[in-house]
Amino acid sequence: MRTTVGIIGGGPAGLLLARLLHRTGIDCVVLESRTRAYVEQRQRAGMLEQGTVDALRECGAADRLETEGLVHHGIELRFDRERHRIDFPVLTGGRTVTIYAQTEIVKDLVALQLTDGPPLLFEAEALAVENADEDRQSGPPAVRFVHEGREQVLTCDYVVGCDGFHGIARDAFPAAVSRTYTHDYPYSWLGILADVPPSCEELIYARGPGGFALHSMRSTSVSRLYLQVPNGTDTDDWPDDRIWDELDARFAIDGDWRLERGPITAKSVTPMRSHVHEPMRHGRLFLAGDAAHIVPPTGAKGLNLAVSDVRVLARGFAELHLTGSTRLLDAYSRLCLDRVWQATRFSYDMTTMLHERPDGDTFEDRLQLTRLRRITASRPAAAELAANYTGLPLAAAVHAPSRTGATDRPSR
Ligand code: APR
Ligand code: PHB
């Protein structure tokens with residue numbers, strides 16, 4: 001097989017990149033190791049920044065999002081039995097966010113790609129990326145993969161690893177040029193789906209007795225909730241009543257508010273990790289999304305970071321296709337990493353501020369509560385949280401017109 005851009009991974013990053021490239025007339029192929037059913041049911045994120053909504057609109061994948069997505073104008077913070085609303089439009093000059101499950105985004109993009117898009121191969125597992133070095137002494141970049149029981153080769157001009165944290169594209173980066181930064185948190189999230197209408201209009205982030213809890217939703221009839229649990233927690237130790245009782249305790253406030261209960265239809269435990277791989281490009285191989293970075297879900301940045309990587313990369317390929325300039329492709333890693341580190345810091349801050357330390361470090365816990373108080377008492381502090389939560393703008397360089405044929409080498 002032969003294509004211009006070989007994409008490994010059919011999650012949100014790979015599927016959106018394929019869609020944006022297709023719209024620009026750049027041919028590509030997506031190799032996804034799992035089945036269509038698996039990728040469409042994998043419960044993950046659900047909060048979309050405006051930039052993510054814009055990208056899905058730009059590639060014609062936002063029809064259902066427009067009708068079923070829930071636009072939110074703020075979130076609620078709870079601690080010490082108090083409730084404090086963070087008003088996004090007031091604090092950010094009009095920005096909002098949208099709740100729409102990542103599973104639905106994947107379904108929408110898969111459906112579009114299968115009817116009117118570049119090849120999307122399911123159960124096609126990439127084994128290795130070859131010849132991605134710029135010098136290309138030994139031939140064009142290639143992805144070796146197995147599909148329908150046969151080992152095959154996809155030769156390309158470029159390869160993009162959208163294969164998530166457990167993918168193989170990162171392995172093709174020489175150790176000499178790679179740096180990874182990792183932080184593991186001393187707690188996990190127990191997440192549930194429940195067939196019960198949400199007990200709130202907007203998301204509630206609570207730091208209660210015993211730890212963190214989050215009330216999100218998937219629709220007006222399905223709630224999505226999370227609670228902090230120790231690492232290594234087994235869902236078998238958490239029957240439904242225990243989950244609801246613990247959520248009740250952590251969301252409790254002085255005032256009339258009630259958490260509605262209902263049948264829990266899914267339970268899972270997710271460890272919390274921050275991880276960044278630098279650089280995000282080596283020669284003709286790029287990384288995008290979870291293949292390059294992981295953030296704890298407290299700041300709801302994972303999906304949105306994947307989308308912003310892909311928006312920059314798609315514009316870089318479009319610029320090359322239309323003008324011959326590699327300006328944006330050369331700047332890709334630097335532009336994305338600047339944004340990735342901002343989101344990594346924000347996610348770290350949100351996580352440490354809202355979770356109870358299991359080591360009982362009361363000094364640290366008091367500091368975190370003080371940060372929460374500052375945010376709910378100071379407009380600039382609240383505005384900083386709102387600006388990060390609703391999504392920092394893409395770098396100006398992404399929108400700057402390129403000079404034909406120009407190749408501005410990145411500053412680092
Ligand atoms: N060959 C082919 N496909 C692979 C391989 C491989 N060797 N390894 C992994 N994959 C596929 C996985 O099956 C998965 O479908 O790559 C895809 C990666 O998708 P995600 O893990 O969802 O990562 P990404 O697309 O970057 O999405 C980023 O969206 O999933 C949410 O919040 C989540 O932060 C995450 C964000
Ligand atoms: C979700 O709806 O799954 C969700 C929302 C916000 C978060 C994390 C998860 O910070």
# chains A, B, ... in the order shown; residues from 1 in each chain; ligands from 1

$ residues_around --residues "Val307 (chain A)" --least-positions-apart "5" --cutoff "8 Å" --atoms "only C-alpha atoms" --output "ChimeraX atom specification"
/A:12-13,16,52,55,289

$ write_last_selection --atoms "all heavy atoms" --output "PDB file, in the first residue's frame"
ATOM      1  N   PRO A  12      -9.645   9.336  18.659  1.00  0.00           N
ATOM      2  CA  PRO A  12     -10.017  10.700  18.249  1.00  0.00           C
ATOM      3  C   PRO A  12      -8.920  11.397  17.443  1.00  0.00           C
ATOM      4  O   PRO A  12      -9.196  12.025  16.421  1.00  0.00           O
ATOM      5  CB  PRO A  12     -10.246  11.407  19.587  1.00  0.00           C
ATOM      6  CG  PRO A  12     -10.603  10.318  20.533  1.00  0.00           C
ATOM      7  CD  PRO A  12      -9.840   9.109  20.089  1.00  0.00           C
ATOM      8  N   ALA A  13      -7.644  11.250  17.841  1.00  0.00           N
ATOM      9  CA  ALA A  13      -6.564  11.955  17.134  1.00  0.00           C
ATOM     10  C   ALA A  13      -6.431  11.457  15.698  1.00  0.00           C
ATOM     11  O   ALA A  13      -6.440  12.250  14.743  1.00  0.00           O
ATOM     12  CB  ALA A  13      -5.237  11.778  17.890  1.00  0.00           C
ATOM     13  N   LEU A  16      -9.650  12.213  13.508  1.00  0.00           N
ATOM     14  CA  LEU A  16      -9.832  13.630  13.161  1.00  0.00           C
ATOM     15  C   LEU A  16      -8.772  14.085  12.169  1.00  0.00           C
ATOM     16  O   LEU A  16      -9.049  14.799  11.208  1.00  0.00           O
ATOM     17  CB  LEU A  16      -9.792  14.496  14.425  1.00  0.00           C
ATOM     18  CG  LEU A  16      -9.969  15.999  14.192  1.00  0.00           C
ATOM     19  CD1 LEU A  16     -11.314  16.311  13.547  1.00  0.00           C
ATOM     20  CD2 LEU A  16      -9.815  16.785  15.494  1.00  0.00           C
ATOM     21  N   THR A  52     -12.153  22.412  20.037  1.00  0.00           N
ATOM     22  CA  THR A  52     -12.466  21.046  19.618  1.00  0.00           C
ATOM     23  C   THR A  52     -13.764  21.025  18.835  1.00  0.00           C
ATOM     24  O   THR A  52     -13.867  20.390  17.777  1.00  0.00           O
ATOM     25  CB  THR A  52     -12.537  20.137  20.849  1.00  0.00           C
ATOM     26  OG1 THR A  52     -11.249  20.114  21.479  1.00  0.00           O
ATOM     27  CG2 THR A  52     -12.954  18.722  20.497  1.00  0.00           C
ATOM     28  N   ALA A  55     -13.107  22.402  15.387  1.00  0.00           N
ATOM     29  CA  ALA A  55     -12.405  21.455  14.504  1.00  0.00           C
ATOM     30  C   ALA A  55     -13.370  20.410  13.949  1.00  0.00           C
ATOM     31  O   ALA A  55     -13.327  20.059  12.769  1.00  0.00           O
ATOM     32  CB  ALA A  55     -11.275  20.768  15.276  1.00  0.00           C
ATOM     33  N   GLY A 289      -1.571  13.470  20.164  1.00  0.00           N
ATOM     34  CA  GLY A 289      -2.484  12.909  21.163  1.00  0.00           C
ATOM     35  C   GLY A 289      -1.764  12.122  22.234  1.00  0.00           C
ATOM     36  O   GLY A 289      -0.598  12.392  22.563  1.00  0.00           O
TER      37      GLY A 289
END

$ select_by_dssp --residues "region 176-355 of chain A" --states "strand (DSSP E or B)" --output "number ranges by chain"
A: 179-194, 204-208, 211-217, 223-229, 264-278, 281-282, 285-287, 293-294

$ write_last_selection --atoms "C-alpha atoms" --output "JSON list (two decimals), in the first residue's frame"
[["chain", "number", "residue", "atom", "x", "y", "z"],
["A", 179, "ARG", "CA", 13.20, 12.84, 26.54],
["A", 180, "THR", "CA", 10.22, 11.65, 28.59],
["A", 181, "TYR", "CA", 8.80, 13.30, 31.69],
["A", 182, "THR", "CA", 6.49, 11.26, 33.94],
["A", 183, "HIS", "CA", 4.60, 11.82, 37.19],
["A", 184, "ASP", "CA", 2.38, 9.14, 38.74],
["A", 185, "TYR", "CA", -0.25, 10.32, 41.25],
["A", 186, "PRO", "CA", -0.87, 8.41, 44.52],
["A", 187, "TYR", "CA", -4.57, 7.84, 43.74],
["A", 188, "SER", "CA", -6.93, 6.70, 40.95],
["A", 189, "TRP", "CA", -10.46, 7.46, 39.77],
["A", 190, "LEU", "CA", -13.36, 5.05, 40.07],
["A", 191, "GLY", "CA", -15.68, 6.09, 37.22],
["A", 192, "ILE", "CA", -19.33, 5.06, 36.80],
["A", 193, "LEU", "CA", -22.08, 5.49, 34.25],
["A", 194, "ALA", "CA", -25.59, 5.56, 35.77],
["A", 204, "ILE", "CA", -19.42, 19.66, 40.05],
["A", 205, "TYR", "CA", -15.79, 19.22, 41.18],
["A", 206, "ALA", "CA", -15.78, 18.45, 44.90],
["A", 207, "ARG", "CA", -13.05, 18.11, 47.49],
["A", 208, "GLY", "CA", -14.97, 16.40, 50.26],
["A", 211, "GLY", "CA", -11.31, 12.88, 48.82],
["A", 212, "PHE", "CA", -12.31, 14.05, 45.35],
["A", 213, "ALA", "CA", -15.59, 13.49, 43.51],
["A", 214, "LEU", "CA", -16.80, 14.73, 40.10],
["A", 215, "HIS", "CA", -20.36, 14.87, 38.81],
["A", 216, "SER", "CA", -20.47, 14.94, 35.02],
["A", 217, "MET", "CA", -23.02, 13.64, 32.54],
["A", 223, "SER", "CA", -24.93, 10.61, 34.59],
["A", 224, "ARG", "CA", -21.16, 10.15, 34.61],
["A", 225, "LEU", "CA", -19.51, 10.33, 38.05],
["A", 226, "TYR", "CA", -16.04, 9.72, 39.43],
["A", 227, "LEU", "CA", -14.54, 9.41, 42.90],
["A", 228, "GLN", "CA", -10.98, 9.30, 44.16],
["A", 229, "VAL", "CA", -9.89, 5.81, 45.27],
["A", 264, "ILE", "CA", -24.97, 1.81, 37.59],
["A", 265, "THR", "CA", -24.29, 0.43, 34.10],
["A", 266, "ALA", "CA", -20.46, 0.68, 33.99],
["A", 267, "LYS", "CA", -17.62, 0.84, 36.51],
["A", 268, "SER", "CA", -13.89, 1.24, 35.88],
["A", 269, "VAL", "CA", -10.76, 2.33, 37.74],
["A", 270, "THR", "CA", -8.25, 4.64, 36.01],
["A", 271, "PRO", "CA", -4.82, 5.47, 37.44],
["A", 272, "MET", "CA", -3.70, 9.10, 37.26],
["A", 273, "ARG", "CA", -0.58, 9.93, 35.34],
["A", 274, "SER", "CA", 1.20, 12.88, 33.68],
["A", 275, "HIS", "CA", 3.52, 11.98, 30.82],
["A", 276, "VAL", "CA", 5.18, 14.04, 28.11],
["A", 277, "HIS", "CA", 7.42, 12.75, 25.30],
["A", 278, "GLU", "CA", 9.73, 15.25, 23.63],
["A", 281, "ARG", "CA", 8.58, 14.92, 15.65],
["A", 282, "HIS", "CA", 11.59, 13.00, 14.37],
["A", 285, "LEU", "CA", 7.50, 10.75, 11.94],
["A", 286, "PHE", "CA", 5.12, 12.83, 14.06],
["A", 287, "LEU", "CA", 3.32, 12.02, 17.33],
["A", 293, "HIS", "CA", 1.31, 13.04, 26.23],
["A", 294, "ILE", "CA", -0.99, 11.91, 29.02]]

$ residues_near_ligand --ligand "ligand 1" --cutoff "8 Å" --atoms "only C-alpha atoms and all ligand atoms" --output "number ranges by chain"
A: 8-15, 31-34, 39, 42, 44-46, 102, 123-128, 145, 162-169, 288-292, 294-295, 297, 300-307

$ residues_around --residues "region 363-378 of chain A" --least-positions-apart "6" --cutoff "7 Å" --atoms "only C-alpha atoms" --output "list of chain:residue names"
A:His84, A:Met353, A:Glu356, A:Arg357

$ closest_residue --among "A:Pro198, A:Gly161, A:Pro263, A:Pro296" --to "Arg218 (chain A)" --atoms "only C-alpha atoms"
A:Pro198

$ closest_residue --among "A:Thr220, A:Gln43, A:Thr233, A:Ser178" --to "ligand 2" --atoms "only C-alpha atoms and all ligand atoms"
A:Gln43

$ select_by_dssp --residues "region 310-382 of chain A" --states "helix (DSSP H, G or I)" --output "PyMOL selection string"
chain A and resi 310-323+327-354+362-377+379-382

$ write_last_selection --atoms "C-alpha atoms" --output "PDB file, in the first residue's frame"
ATOM      1  CA  VAL A 310      -4.049  17.408  15.109  1.00  0.00           C
ATOM      2  CA  ARG A 311      -5.303  20.876  14.155  1.00  0.00           C
ATOM      3  CA  VAL A 312      -1.705  22.157  14.023  1.00  0.00           C
ATOM      4  CA  LEU A 313      -0.474  19.081  12.149  1.00  0.00           C
ATOM      5  CA  ALA A 314      -3.312  19.173   9.594  1.00  0.00           C
ATOM      6  CA  ARG A 315      -2.604  22.856   8.915  1.00  0.00           C
ATOM      7  CA  GLY A 316       1.087  22.022   8.522  1.00  0.00           C
ATOM      8  CA  PHE A 317       0.370  19.323   5.940  1.00  0.00           C
ATOM      9  CA  ALA A 318      -2.096  21.634   4.180  1.00  0.00           C
ATOM     10  CA  GLU A 319       0.513  24.407   4.030  1.00  0.00           C
ATOM     11  CA  LEU A 320       3.030  21.980   2.523  1.00  0.00           C
ATOM     12  CA  HIS A 321       0.437  20.673   0.065  1.00  0.00           C
ATOM     13  CA  LEU A 322      -0.693  24.143  -1.030  1.00  0.00           C
ATOM     14  CA  THR A 323       2.504  26.224  -0.878  1.00  0.00           C
ATOM     15  CA  ARG A 327       7.221  26.200   8.097  1.00  0.00           C
ATOM     16  CA  LEU A 328       4.413  24.824  10.233  1.00  0.00           C
ATOM     17  CA  LEU A 329       5.553  21.186  10.086  1.00  0.00           C
ATOM     18  CA  ASP A 330       9.005  22.333  11.228  1.00  0.00           C
ATOM     19  CA  ALA A 331       7.427  24.272  14.111  1.00  0.00           C
ATOM     20  CA  TYR A 332       4.904  21.537  15.024  1.00  0.00           C
ATOM     21  CA  SER A 333       6.730  19.996  17.968  1.00  0.00           C
ATOM     22  CA  ARG A 334       7.623  23.311  19.582  1.00  0.00           C
ATOM     23  CA  LEU A 335       4.137  24.820  19.117  1.00  0.00           C
ATOM     24  CA  CYS A 336       2.377  21.737  20.477  1.00  0.00           C
ATOM     25  CA  LEU A 337       4.744  21.169  23.384  1.00  0.00           C
ATOM     26  CA  ASP A 338       4.260  24.756  24.593  1.00  0.00           C
ATOM     27  CA  ARG A 339       0.518  24.045  24.800  1.00  0.00           C
ATOM     28  CA  VAL A 340       1.006  20.511  26.161  1.00  0.00           C
ATOM     29  CA  TRP A 341       3.084  21.800  29.083  1.00  0.00           C
ATOM     30  CA  GLN A 342       0.525  24.504  29.874  1.00  0.00           C
ATOM     31  CA  ALA A 343      -2.208  21.842  29.953  1.00  0.00           C
ATOM     32  CA  THR A 344       0.033  19.490  31.945  1.00  0.00           C
ATOM     33  CA  ARG A 345       0.625  22.155  34.573  1.00  0.00           C
ATOM     34  CA  PHE A 346      -3.096  23.065  34.694  1.00  0.00           C
ATOM     35  CA  SER A 347      -4.100  19.401  35.033  1.00  0.00           C
ATOM     36  CA  TYR A 348      -1.498  18.908  37.777  1.00  0.00           C
ATOM     37  CA  ASP A 349      -2.761  21.995  39.645  1.00  0.00           C
ATOM     38  CA  MET A 350      -6.432  20.974  39.353  1.00  0.00           C
ATOM     39  CA  THR A 351      -5.577  17.434  40.471  1.00  0.00           C
ATOM     40  CA  THR A 352      -3.428  18.300  43.495  1.00  0.00           C
ATOM     41  CA  MET A 353      -5.868  21.045  44.572  1.00  0.00           C
ATOM     42  CA  LEU A 354      -8.902  18.740  44.582  1.00  0.00           C
ATOM     43  CA  THR A 362      -1.904  17.861  56.465  1.00  0.00           C
ATOM     44  CA  PHE A 363       0.373  20.797  55.648  1.00  0.00           C
ATOM     45  CA  GLU A 364      -0.007  20.082  51.906  1.00  0.00           C
ATOM     46  CA  ASP A 365      -3.743  19.541  52.316  1.00  0.00           C
ATOM     47  CA  ARG A 366      -4.126  22.911  54.031  1.00  0.00           C
ATOM     48  CA  LEU A 367      -2.165  24.556  51.197  1.00  0.00           C
ATOM     49  CA  GLN A 368      -4.484  23.000  48.606  1.00  0.00           C
ATOM     50  CA  LEU A 369      -7.591  24.164  50.447  1.00  0.00           C
ATOM     51  CA  THR A 370      -6.044  27.642  50.573  1.00  0.00           C
ATOM     52  CA  ARG A 371      -5.642  27.557  46.785  1.00  0.00           C
ATOM     53  CA  LEU A 372      -9.305  26.627  46.428  1.00  0.00           C
ATOM     54  CA  ARG A 373     -10.280  29.524  48.697  1.00  0.00           C
ATOM     55  CA  ARG A 374      -8.141  31.922  46.656  1.00  0.00           C
ATOM     56  CA  ILE A 375      -9.855  30.872  43.426  1.00  0.00           C
ATOM     57  CA  THR A 376     -13.337  31.332  44.880  1.00  0.00           C
ATOM     58  CA  ALA A 377     -12.454  34.708  46.461  1.00  0.00           C
ATOM     59  CA  ARG A 379     -11.589  37.164  40.248  1.00  0.00           C
ATOM     60  CA  PRO A 380      -8.098  37.044  38.653  1.00  0.00           C
ATOM     61  CA  ALA A 381      -7.493  33.619  40.210  1.00  0.00           C
ATOM     62  CA  ALA A 382     -10.891  32.373  39.015  1.00  0.00           C
TER      63      ALA A 382
END

$ closest_residue --among "A:Gly299, A:Gly69, A:Pro239, A:Gly25" --to "ligand 2" --atoms "only C-alpha atoms and all ligand atoms"
A:Gly299

$ residues_around --residues "Ala62 (chain A)" --least-positions-apart "6" --cutoff "8 Å" --atoms "only C-alpha atoms" --output "list in words"
Val53, Leu56 and Asp108 of chain A

$ write_last_selection --atoms "N, CA, C and O atoms" --output "PDB file, in the first residue's frame"
ATOM      1  N   VAL A  53     -14.758  21.757  19.319  1.00  0.00           N
ATOM      2  CA  VAL A  53     -16.039  21.854  18.613  1.00  0.00           C
ATOM      3  C   VAL A  53     -15.803  22.463  17.222  1.00  0.00           C
ATOM      4  O   VAL A  53     -16.294  21.958  16.215  1.00  0.00           O
ATOM      5  N   LEU A  56     -14.281  19.942  14.804  1.00  0.00           N
ATOM      6  CA  LEU A  56     -15.254  18.936  14.341  1.00  0.00           C
ATOM      7  C   LEU A  56     -16.226  19.561  13.334  1.00  0.00           C
ATOM      8  O   LEU A  56     -16.590  18.951  12.334  1.00  0.00           O
ATOM      9  N   ASP A 108     -19.081   9.252  15.163  1.00  0.00           N
ATOM     10  CA  ASP A 108     -19.368  10.208  14.079  1.00  0.00           C
ATOM     11  C   ASP A 108     -18.239  10.205  13.053  1.00  0.00           C
ATOM     12  O   ASP A 108     -18.471  10.166  11.839  1.00  0.00           O
TER      13      ASP A 108
END

$ closest_residue --among "A:Leu392, A:Leu121, A:Ala101, A:Val71" --to "ligand 2" --atoms "only C-alpha atoms and all ligand atoms"
A:Ala101

$ closest_residue --among "A:Arg64, A:Tyr38, A:Pro279, A:Ile26" --to "Ala175 (chain A)" --atoms "only C-alpha atoms"
A:Pro279

$ closest_residue --among "A:Val30, A:Ile99, A:Ile86, A:Val106" --to "ligand 2" --atoms "only C-alpha atoms and all ligand atoms"
A:Ile99
